[in-house]
Each structure stands twice: as structure tokens, then as C-alpha cells.
>>> print(open('data-v6.pdb').read())   # PDB, C-alpha atoms, pLDDT in the B column
ATOM      1  CA  MET A   5      -8.214   4.827  17.700  1.00 75.00           C
ATOM      2  CA  GLU A   6      -7.543   1.094  17.569  1.00 89.00           C
ATOM      3  CA  GLU A   7      -4.027   0.120  16.564  1.00 93.00           C
ATOM      4  CA  ILE A   8      -4.030  -2.121  13.476  1.00 95.00           C
ATOM      5  CA  LEU A   9      -0.365  -2.217  12.387  1.00 96.00           C
ATOM      6  CA  ARG A  10       2.750  -2.292  14.572  1.00 95.00           C
ATOM      7  CA  PHE A  11       6.341  -2.210  13.315  1.00 92.00           C
ATOM      8  CA  GLU A  12       8.608  -3.060  16.267  1.00 94.00           C
ATOM      9  CA  HIS A  13      12.388  -2.518  16.035  1.00 94.00           C
ATOM     10  CA  VAL A  14      12.590  -3.834  12.487  1.00 95.00           C
ATOM     11  CA  SER A  15      15.996  -4.062  10.814  1.00 94.00           C
ATOM     12  CA  TYR A  16      16.961  -5.541   7.465  1.00 92.00           C
ATOM     13  CA  ALA A  17      20.187  -5.660   5.477  1.00 89.00           C
ATOM     14  CA  TYR A  18      20.742  -6.793   1.903  1.00 82.00           C
ATOM     15  CA  GLU A  19      23.776  -9.021   1.389  1.00 72.00           C
ATOM     16  CA  GLU A  20      27.100  -7.169   1.420  1.00 62.00           C
ATOM     17  CA  GLU A  21      25.328  -3.805   1.727  1.00 63.00           C
ATOM     18  CA  ARG A  22      24.603  -1.348   4.480  1.00 66.00           C
ATOM     19  CA  GLU A  23      21.408  -1.886   6.425  1.00 70.00           C
ATOM     20  CA  ALA A  24      18.337  -0.979   4.386  1.00 87.00           C
ATOM     21  CA  LEU A  25      16.291  -0.651   7.602  1.00 90.00           C
ATOM     22  CA  LEU A  26      17.719   0.166  11.011  1.00 91.00           C
ATOM     23  CA  ASP A  27      15.583  -0.321  14.135  1.00 92.00           C
ATOM     24  CA  VAL A  28      12.380   1.109  12.636  1.00 93.00           C
ATOM     25  CA  CYS A  29       9.295   1.468  14.858  1.00 93.00           C
ATOM     26  CA  VAL A  30       5.876   2.463  13.488  1.00 93.00           C
ATOM     27  CA  LYS A  31       2.298   2.323  14.761  1.00 95.00           C
ATOM     28  CA  VAL A  32      -0.719   2.753  12.472  1.00 96.00           C
ATOM     29  CA  CYS A  33      -4.325   3.006  13.647  1.00 95.00           C
ATOM     30  CA  ALA A  34      -7.503   1.838  11.953  1.00 96.00           C
ATOM     31  CA  GLY A  35      -8.726   4.431   9.459  1.00 95.00           C
ATOM     32  CA  GLU A  36      -5.368   6.193   9.394  1.00 96.00           C
ATOM     33  CA  ARG A  37      -3.616   7.105   6.135  1.00 95.00           C
ATOM     34  CA  VAL A  38       0.157   7.104   6.432  1.00 96.00           C
ATOM     35  CA  ALA A  39       2.445   8.468   3.718  1.00 94.00           C
ATOM     36  CA  VAL A  40       5.982   7.064   3.857  1.00 95.00           C
ATOM     37  CA  LEU A  41       8.209   9.570   2.053  1.00 94.00           C
ATOM     38  CA  GLY A  42      11.847   9.489   1.064  1.00 91.00           C
ATOM     39  CA  ARG A  43      14.291   9.629  -1.786  1.00 88.00           C
ATOM     40  CA  ASN A  44      15.103   6.546  -3.858  1.00 87.00           C
ATOM     41  CA  GLY A  45      16.969   4.053  -1.691  1.00 86.00           C
ATOM     42  CA  ALA A  46      15.718   5.507   1.600  1.00 89.00           C
ATOM     43  CA  GLY A  47      14.182   2.166   2.642  1.00 91.00           C
ATOM     44  CA  LYS A  48      10.511   2.793   1.828  1.00 92.00           C
ATOM     45  CA  SER A  49       9.934  -0.223  -0.393  1.00 91.00           C
ATOM     46  CA  THR A  50      11.971  -2.435   1.914  1.00 93.00           C
ATOM     47  CA  ALA A  51       9.717  -1.449   4.814  1.00 93.00           C
ATOM     48  CA  ILE A  52       6.605  -2.240   2.761  1.00 93.00           C
ATOM     49  CA  LYS A  53       8.046  -5.616   1.721  1.00 92.00           C
ATOM     50  CA  CYS A  54       8.807  -6.446   5.350  1.00 93.00           C
ATOM     51  CA  ILE A  55       5.194  -5.736   6.312  1.00 93.00           C
ATOM     52  CA  ALA A  56       3.996  -7.875   3.390  1.00 92.00           C
ATOM     53  CA  GLY A  57       6.166 -10.748   4.617  1.00 91.00           C
ATOM     54  CA  LEU A  58       8.415 -10.861   1.554  1.00 93.00           C
ATOM     55  CA  LEU A  59      11.694 -10.384   3.444  1.00 92.00           C
ATOM     56  CA  ARG A  60      13.307 -12.032   6.459  1.00 92.00           C
ATOM     57  CA  PHE A  61      13.889  -9.235   8.919  1.00 93.00           C
ATOM     58  CA  GLN A  62      14.862  -8.779  12.546  1.00 94.00           C
ATOM     59  CA  GLY A  63      12.156  -7.441  14.817  1.00 95.00           C
ATOM     60  CA  GLU A  64       8.404  -7.916  14.737  1.00 96.00           C
ATOM     61  CA  VAL A  65       5.519  -6.805  12.522  1.00 96.00           C
ATOM     62  CA  LEU A  66       1.961  -7.245  13.789  1.00 96.00           C
ATOM     63  CA  ILE A  67      -1.173  -6.780  11.722  1.00 96.00           C
ATOM     64  CA  GLY A  68      -3.977  -6.587  14.216  1.00 94.00           C
ATOM     65  CA  PRO A  69      -2.980  -9.112  16.900  1.00 94.00           C
ATOM     66  CA  TYR A  70      -1.271 -11.404  14.379  1.00 96.00           C
ATOM     67  CA  ARG A  71       2.340 -11.758  13.237  1.00 95.00           C
ATOM     68  CA  ASN A  72       2.478 -10.569   9.642  1.00 94.00           C
ATOM     69  CA  LYS A  73       3.452 -13.917   8.088  1.00 92.00           C
ATOM     70  CA  THR A  74       0.556 -15.877   9.599  1.00 94.00           C
ATOM     71  CA  LEU A  75      -2.516 -16.817   7.598  1.00 92.00           C
ATOM     72  CA  GLU A  76      -4.674 -14.787   9.997  1.00 94.00           C
ATOM     73  CA  ALA A  77      -2.662 -11.647   9.185  1.00 94.00           C
ATOM     74  CA  LYS A  78      -2.632 -12.293   5.452  1.00 93.00           C
ATOM     75  CA  ARG A  79      -6.422 -12.483   5.451  1.00 92.00           C
ATOM     76  CA  ILE A  80      -6.731  -8.873   6.594  1.00 95.00           C
ATOM     77  CA  PHE A  81      -4.133  -6.983   4.564  1.00 94.00           C
ATOM     78  CA  GLY A  82      -3.683  -6.183   0.893  1.00 95.00           C
ATOM     79  CA  TYR A  83      -0.480  -5.297  -0.955  1.00 96.00           C
ATOM     80  CA  ILE A  84      -0.056  -3.408  -4.231  1.00 95.00           C
ATOM     81  CA  PRO A  85       3.618  -3.628  -5.287  1.00 93.00           C
ATOM     82  CA  GLU A  86       5.372  -1.018  -7.384  1.00 90.00           C
ATOM     83  CA  LEU A  87       5.823  -3.543 -10.194  1.00 90.00           C
ATOM     84  CA  PRO A  88       2.678  -5.667 -10.616  1.00 91.00           C
ATOM     85  CA  VAL A  89       3.115  -9.342 -11.483  1.00 89.00           C
ATOM     86  CA  MET A  90       0.376 -11.071 -13.457  1.00 92.00           C
ATOM     87  CA  TYR A  91      -0.188 -14.722 -14.287  1.00 93.00           C
ATOM     88  CA  ASP A  92       0.479 -14.823 -18.026  1.00 93.00           C
ATOM     89  CA  SER A  93      -2.209 -17.401 -18.836  1.00 93.00           C
ATOM     90  CA  LEU A  94      -5.005 -16.114 -16.605  1.00 96.00           C
ATOM     91  CA  THR A  95      -7.509 -13.567 -17.841  1.00 97.00           C
ATOM     92  CA  VAL A  96      -8.238 -10.385 -15.915  1.00 97.00           C
ATOM     93  CA  TYR A  97     -11.433 -11.903 -14.543  1.00 97.00           C
ATOM     94  CA  GLU A  98      -9.701 -15.158 -13.611  1.00 97.00           C
ATOM     95  CA  HIS A  99      -7.210 -13.186 -11.510  1.00 97.00           C
ATOM     96  CA  LEU A 100     -10.076 -11.826  -9.413  1.00 97.00           C
ATOM     97  CA  GLU A 101     -11.818 -15.203  -9.292  1.00 96.00           C
ATOM     98  CA  PHE A 102      -8.602 -16.773  -7.977  1.00 96.00           C
ATOM     99  CA  ILE A 103      -8.348 -14.161  -5.200  1.00 96.00           C
ATOM    100  CA  GLY A 104     -12.052 -14.344  -4.405  1.00 95.00           C
ATOM    101  CA  ARG A 105     -12.010 -18.109  -3.999  1.00 94.00           C
ATOM    102  CA  ALA A 106      -8.646 -18.197  -2.187  1.00 93.00           C
ATOM    103  CA  TYR A 107      -9.868 -15.677   0.408  1.00 93.00           C
ATOM    104  CA  GLY A 108     -13.354 -17.148   0.638  1.00 92.00           C
ATOM    105  CA  VAL A 109     -15.070 -13.883  -0.342  1.00 93.00           C
ATOM    106  CA  LYS A 110     -18.761 -14.820  -0.485  1.00 92.00           C
ATOM    107  CA  ASP A 111     -19.843 -11.996  -2.806  1.00 93.00           C
ATOM    108  CA  TRP A 112     -16.625 -11.967  -4.849  1.00 95.00           C
ATOM    109  CA  LYS A 113     -18.403 -11.801  -8.229  1.00 95.00           C
ATOM    110  CA  GLN A 114     -20.366  -8.682  -7.331  1.00 96.00           C
ATOM    111  CA  ARG A 115     -17.347  -7.128  -5.642  1.00 96.00           C
ATOM    112  CA  ALA A 116     -15.124  -7.949  -8.649  1.00 97.00           C
ATOM    113  CA  ASP A 117     -17.578  -6.388 -11.093  1.00 96.00           C
ATOM    114  CA  GLN A 118     -17.700  -3.187  -9.030  1.00 96.00           C
ATOM    115  CA  LEU A 119     -13.916  -2.880  -8.835  1.00 97.00           C
ATOM    116  CA  LEU A 120     -13.412  -3.672 -12.527  1.00 97.00           C
ATOM    117  CA  GLU A 121     -15.939  -1.005 -13.472  1.00 96.00           C
ATOM    118  CA  ARG A 122     -14.307   1.617 -11.264  1.00 96.00           C
ATOM    119  CA  MET A 123     -10.879   0.842 -12.748  1.00 96.00           C
ATOM    120  CA  GLU A 124     -12.343   0.872 -16.290  1.00 95.00           C
ATOM    121  CA  LEU A 125     -11.478  -2.773 -16.895  1.00 96.00           C
ATOM    122  CA  SER A 126     -14.961  -4.144 -17.579  1.00 95.00           C
ATOM    123  CA  ASP A 127     -14.188  -4.465 -21.287  1.00 95.00           C
ATOM    124  CA  LYS A 128     -10.815  -6.110 -20.601  1.00 95.00           C
ATOM    125  CA  VAL A 129     -11.990  -9.080 -18.507  1.00 95.00           C
ATOM    126  CA  LYS A 130     -11.051 -11.667 -21.158  1.00 96.00           C
ATOM    127  CA  LYS A 131      -7.549 -10.315 -21.784  1.00 95.00           C
ATOM    128  CA  LEU A 132      -4.667 -12.475 -20.587  1.00 96.00           C
ATOM    129  CA  GLY A 133      -2.168 -11.183 -18.069  1.00 93.00           C
ATOM    130  CA  LYS A 134       0.618 -11.208 -20.666  1.00 92.00           C
ATOM    131  CA  GLU A 135      -1.467  -9.007 -22.970  1.00 94.00           C
ATOM    132  CA  LEU A 136      -1.876  -6.165 -20.498  1.00 93.00           C
ATOM    133  CA  SER A 137      -0.013  -2.863 -20.465  1.00 92.00           C
ATOM    134  CA  LYS A 138       1.804  -1.719 -17.329  1.00 91.00           C
ATOM    135  CA  GLY A 139      -1.090   0.565 -16.412  1.00 92.00           C
ATOM    136  CA  MET A 140      -3.673  -2.189 -16.860  1.00 95.00           C
ATOM    137  CA  GLN A 141      -1.578  -4.577 -14.787  1.00 95.00           C
ATOM    138  CA  GLN A 142      -1.479  -1.976 -12.029  1.00 95.00           C
ATOM    139  CA  LYS A 143      -5.255  -1.652 -12.141  1.00 96.00           C
ATOM    140  CA  VAL A 144      -5.723  -5.424 -11.897  1.00 97.00           C
ATOM    141  CA  SER A 145      -3.286  -5.519  -8.976  1.00 96.00           C
ATOM    142  CA  ILE A 146      -5.348  -2.866  -7.180  1.00 96.00           C
ATOM    143  CA  CYS A 147      -8.587  -4.766  -7.798  1.00 97.00           C
ATOM    144  CA  CYS A 148      -7.093  -8.033  -6.508  1.00 97.00           C
ATOM    145  CA  ALA A 149      -5.740  -6.404  -3.352  1.00 96.00           C
ATOM    146  CA  LEU A 150      -9.016  -4.662  -2.505  1.00 97.00           C
ATOM    147  CA  LEU A 151     -11.341  -7.543  -3.360  1.00 97.00           C
ATOM    148  CA  PRO A 152     -11.250  -9.196   0.129  1.00 96.00           C
ATOM    149  CA  ARG A 153     -11.950  -5.839   1.856  1.00 96.00           C
ATOM    150  CA  PRO A 154      -8.680  -5.796   3.852  1.00 96.00           C
ATOM    151  CA  GLN A 155      -8.232  -3.890   7.102  1.00 96.00           C
ATOM    152  CA  VAL A 156      -4.749  -2.699   6.075  1.00 97.00           C
ATOM    153  CA  VAL A 157      -3.639  -1.849   2.529  1.00 97.00           C
ATOM    154  CA  LEU A 158      -0.028  -1.269   1.490  1.00 96.00           C
ATOM    155  CA  PHE A 159       0.637   0.803  -1.630  1.00 95.00           C
ATOM    156  CA  ASP A 160       4.153   1.034  -3.087  1.00 94.00           C
ATOM    157  CA  GLU A 161       4.257   3.946  -5.596  1.00 91.00           C
ATOM    158  CA  PRO A 162       0.598   3.299  -6.503  1.00 91.00           C
ATOM    159  CA  PHE A 163       0.139   6.049  -9.097  1.00 91.00           C
ATOM    160  CA  VAL A 164       3.044   5.148 -11.380  1.00 86.00           C
ATOM    161  CA  GLY A 165       1.672   4.052 -14.758  1.00 86.00           C
ATOM    162  CA  LEU A 166      -1.955   4.992 -14.027  1.00 91.00           C
ATOM    163  CA  ASP A 167      -3.918   7.343 -16.270  1.00 92.00           C
ATOM    164  CA  PRO A 168      -5.480  10.503 -14.769  1.00 93.00           C
ATOM    165  CA  HIS A 169      -8.952   8.953 -14.425  1.00 94.00           C
ATOM    166  CA  ALA A 170      -7.578   5.910 -12.597  1.00 94.00           C
ATOM    167  CA  ILE A 171      -5.536   8.150 -10.280  1.00 94.00           C
ATOM    168  CA  LYS A 172      -8.624  10.177  -9.401  1.00 94.00           C
ATOM    169  CA  GLU A 173     -10.677   7.020  -8.814  1.00 96.00           C
ATOM    170  CA  LEU A 174      -7.995   5.405  -6.667  1.00 95.00           C
ATOM    171  CA  LYS A 175      -7.747   8.523  -4.493  1.00 95.00           C
ATOM    172  CA  GLN A 176     -11.517   8.385  -4.008  1.00 95.00           C
ATOM    173  CA  MET A 177     -11.271   4.706  -3.066  1.00 96.00           C
ATOM    174  CA  MET A 178      -8.579   5.553  -0.498  1.00 95.00           C
ATOM    175  CA  LEU A 179     -10.910   8.116   1.064  1.00 94.00           C
ATOM    176  CA  GLU A 180     -13.683   5.505   1.221  1.00 95.00           C
ATOM    177  CA  MET A 181     -11.287   3.013   2.838  1.00 95.00           C
ATOM    178  CA  LYS A 182     -10.456   5.555   5.535  1.00 95.00           C
ATOM    179  CA  ARG A 183     -14.144   6.110   6.265  1.00 95.00           C
ATOM    180  CA  GLN A 184     -14.623   2.340   6.553  1.00 95.00           C
ATOM    181  CA  GLY A 185     -11.813   2.076   9.109  1.00 95.00           C
ATOM    182  CA  CYS A 186      -9.210   0.599   6.792  1.00 96.00           C
ATOM    183  CA  ALA A 187      -5.605   1.720   7.373  1.00 97.00           C
ATOM    184  CA  VAL A 188      -3.791   2.876   4.222  1.00 96.00           C
ATOM    185  CA  VAL A 189       0.010   2.982   3.993  1.00 96.00           C
ATOM    186  CA  ILE A 190       1.446   4.689   0.900  1.00 95.00           C
ATOM    187  CA  SER A 191       5.142   4.596   0.021  1.00 93.00           C
ATOM    188  CA  THR A 192       6.270   7.225  -2.488  1.00 90.00           C
ATOM    189  CA  HIS A 193       8.932   9.761  -3.380  1.00 85.00           C
ATOM    190  CA  MET A 194       6.357  11.920  -5.226  1.00 82.00           C
ATOM    191  CA  LEU A 195       5.085  14.354  -2.598  1.00 84.00           C
ATOM    192  CA  ASP A 196       2.534  16.048  -4.821  1.00 82.00           C
ATOM    193  CA  SER A 197       0.810  12.731  -5.597  1.00 84.00           C
ATOM    194  CA  VAL A 198      -0.217  12.223  -1.949  1.00 86.00           C
ATOM    195  CA  GLU A 199      -0.740  15.845  -0.919  1.00 84.00           C
ATOM    196  CA  GLU A 200      -4.337  15.325   0.230  1.00 87.00           C
ATOM    197  CA  LEU A 201      -4.064  11.624   1.114  1.00 89.00           C
ATOM    198  CA  TRP A 202      -2.305  11.466   4.473  1.00 92.00           C
ATOM    199  CA  ASP A 203      -3.151  11.864   8.141  1.00 94.00           C
ATOM    200  CA  LYS A 204       0.410  11.098   9.234  1.00 94.00           C
ATOM    201  CA  THR A 205       3.643  11.244   7.281  1.00 94.00           C
ATOM    202  CA  LEU A 206       6.927   9.473   7.942  1.00 95.00           C
ATOM    203  CA  ILE A 207      10.088  10.755   6.270  1.00 94.00           C
ATOM    204  CA  MET A 208      12.785   8.125   5.747  1.00 94.00           C
ATOM    205  CA  MET A 209      16.479   8.492   5.031  1.00 92.00           C
ATOM    206  CA  LYS A 210      19.211   5.839   5.081  1.00 90.00           C
ATOM    207  CA  GLY A 211      16.897   3.177   6.444  1.00 91.00           C
ATOM    208  CA  GLN A 212      15.568   5.191   9.360  1.00 93.00           C
ATOM    209  CA  ILE A 213      12.531   7.341  10.104  1.00 94.00           C
ATOM    210  CA  VAL A 214      14.041  10.782  10.588  1.00 94.00           C
ATOM    211  CA  ALA A 215      10.786  12.736  10.989  1.00 91.00           C
ATOM    212  CA  SER A 216       7.156  12.005  11.806  1.00 93.00           C
ATOM    213  CA  ARG A 217       4.303  14.504  11.564  1.00 91.00           C
ATOM    214  CA  THR A 218       0.531  14.381  11.700  1.00 92.00           C
ATOM    215  CA  ARG A 219      -1.430  16.742   9.502  1.00 90.00           C
ATOM    216  CA  ARG A 220      -2.579  18.593  12.624  1.00 91.00           C
ATOM    217  CA  GLU A 221       1.031  19.108  13.749  1.00 91.00           C
ATOM    218  CA  ILE A 222       2.014  20.466  10.349  1.00 88.00           C
ATOM    219  CA  GLU A 223      -0.878  22.943  10.487  1.00 87.00           C
ATOM    220  CA  GLU A 224      -0.361  23.924  14.149  1.00 88.00           C
ATOM    221  CA  TYR A 225       3.383  24.494  13.771  1.00 85.00           C
ATOM    222  CA  GLY A 226       2.968  26.359  10.481  1.00 84.00           C
ATOM    223  CA  GLU A 227       5.271  23.908   8.721  1.00 83.00           C
ATOM    224  CA  ASN A 228       5.305  23.140   5.021  1.00 84.00           C
ATOM    225  CA  LEU A 229       5.668  19.421   4.224  1.00 85.00           C
ATOM    226  CA  GLU A 230       7.633  20.001   1.032  1.00 85.00           C
ATOM    227  CA  GLU A 231      10.073  22.395   2.718  1.00 85.00           C
ATOM    228  CA  LEU A 232      10.414  19.988   5.675  1.00 85.00           C
ATOM    229  CA  PHE A 233      11.118  17.072   3.355  1.00 86.00           C
ATOM    230  CA  PHE A 234      13.833  18.863   1.391  1.00 87.00           C
ATOM    231  CA  SER A 235      15.448  20.346   4.481  1.00 86.00           C
ATOM    232  CA  ILE A 236      15.812  16.850   5.942  1.00 82.00           C
ATOM    233  CA  THR A 237      16.724  14.850   2.844  1.00 79.00           C
TER     234      THR A 237
END
>>> encode(input="data-v6.pdb", output="C-alpha cells")
Amino acid sequence: MEEILRFEHVSYAYEEEREALLDVCVKVCAGERVAVLGRNGAGKSTAIKCIAGLLRFQGEVLIGPYRNKTLEAKRIFGYIPELPVMYDSLTVYEHLEFIGRAYGVKDWKQRADQLLERMELSDKVKKLGKELSKGMQQKVSICCALLPRPQVVLFDEPFVGLDPHAIKELKQMMLEMKRQGCAVVISTHMLDSVEELWDKTLIMMKGQIVASRTRREIEEYGENLEELFFSIT
């Protein structure tokens, strides 16, 4: 499979603290779903933020052939943070219009309507960002990230705050993304939430990847992911 995301010897340290990431190397292929697991503080969110270009790190992150902070890279990846941030004075629909026009998505209106319907936001399009609940903000964040049809999508604790219907729909969308060749990277400490959503899992502890398994390896070796996770962490 074609490699779409490369994390090369990435390290990052917060001021006056131990390193949050220490020489991390990761490769993700097109159509691959990767679950990044670990306890709170293991470095999962820091790794996601490095890929998204939000932190100054040592090492290199490539999305496709492009360095992650270039415009070319930003055009082909989407990022759903753990804590969504809305523009207070934009409506739900204006958020998607902003993304659609910024990314030059030709059919953005049709695409926006489809995503809003799937996330059960069609009746909330005129609500302002400041009027939305946490769960609704998360849904809008998902719609905005997926609108340009990215080749790589980063999810940081994506199911927190979502209602059961939205969780089911998002899992279905992740399956569709895989079939379309989009790479999906999910950071979480909730193993049961991603049980059926990964092709490869990375277990992090103290800023390092301490174990890596594909689903095939887990099945062939007769391992149990939950038991493996707790034995390591």
C-alpha cells in the first residue's frame, strides 16, 4: 500500500517538563486505520498536534510527499481536536461555507448538506457557534474536517461528547473513508470505543511507542489487545 503519512524521529518537550515525545517513528498507509492508545499523558495528543502542525517539534512529519506545515500538506489532511473551537459569531452553515471556500471545494454546498444531515445538524444550520453544546460543536468540527475529502484524517478522542447515533454514524463514515483510501488516525484511551476501527494499533507510554500490532498479528499470535495494553501500561 502507498505510504501517506510518515513520522520520522519526532521529539517534543514542553517547557520545564520531561519530553512529551521521544524519537517517535510511525508510517501510515493509504486506507489504513491506526489507533493510537495510551493512558492520559502518554503523548497521544501531542503526537496528533505535531502532525497537525500545531507544535514546533524536532524531526520530520510528511503527509504524502509534503512537509506537514506546507499548504500542499494542509490541503490533504483533516484534524478533529479533542476540544472543538467554534467561531462564536458564525452559524453552523457559515462554518462549512468558510471551509468550503477556503479549500476551493467545488461542490461544497452539496457536500455540506450531506454531512450536516448525517450528523443530524440540518435543523441547526442557523445556530451560532456560541449557542452550540459540546456535542454539537464536535459534530460541526467533524463536518468541517471531512468537507474537503482529505487523504488523512486525525481524530483526537473523537467520541467524547457524541450521542449514540452520532457515534454509530461516525464509525460508518470511518469505514467509508478506509474504502476510499483515506488514512484514519485515532488517538484515544478508551479501548472499547475503537474495538472494530483499527488495522494497526500503537501503544504509547511516556512519550514513546512501546508496542505496535496489526490486527492480523493480534489474531495470529492469539493475543488480546486489552490484556496487552494493561500488561504494558
>>> closest_residue(input="data-v6.pdb", among="A:Thr192, A:Gln114, A:Gln141, A:Ser197", to="Leu87 (chain A)", atoms="only C-alpha atoms")
A:Gln141
>>> residues_around(input="data-v6.pdb", residues="Tyr16 (chain A)", least_positions_apart="5", cutoff="7 Å", atoms="only C-alpha atoms", output="mmCIF file with C-alpha atoms, in the coordinates of the input")
data_model
loop_
_atom_site.group_PDB
_atom_site.id
_atom_site.type_symbol
_atom_site.label_atom_id
_atom_site.label_comp_id
_atom_site.auth_asym_id
_atom_site.auth_seq_id
_atom_site.Cartn_x
_atom_site.Cartn_y
_atom_site.Cartn_z
ATOM 1 C CA GLU A 23 21.408 -1.886 6.425
ATOM 2 C CA ALA A 24 18.337 -0.979 4.386
ATOM 3 C CA LEU A 25 16.291 -0.651 7.602
ATOM 4 C CA LEU A 26 17.719 0.166 11.011
ATOM 5 C CA PHE A 61 13.889 -9.235 8.919
ATOM 6 C CA GLN A 62 14.862 -8.779 12.546
#
>>> atom_distance(input="data-v6.pdb", atom1="CA of Glu180 (chain A)", atom2="CA of Val129 (chain A)")
24.6 Å
>>> closest_residue(input="data-v6.pdb", among="A:Leu195, A:Ile84, A:Leu125, A:Leu132", to="Cys148 (chain A)", atoms="all atoms listed in the file")
A:Ile84
>>> resolve_selection(input="data-v6.pdb", expression="the PyMOL selection byres ((chain A and resi 237) around 9)", output="PyMOL selection string")
chain A and resi 42-43+207-209+232-236
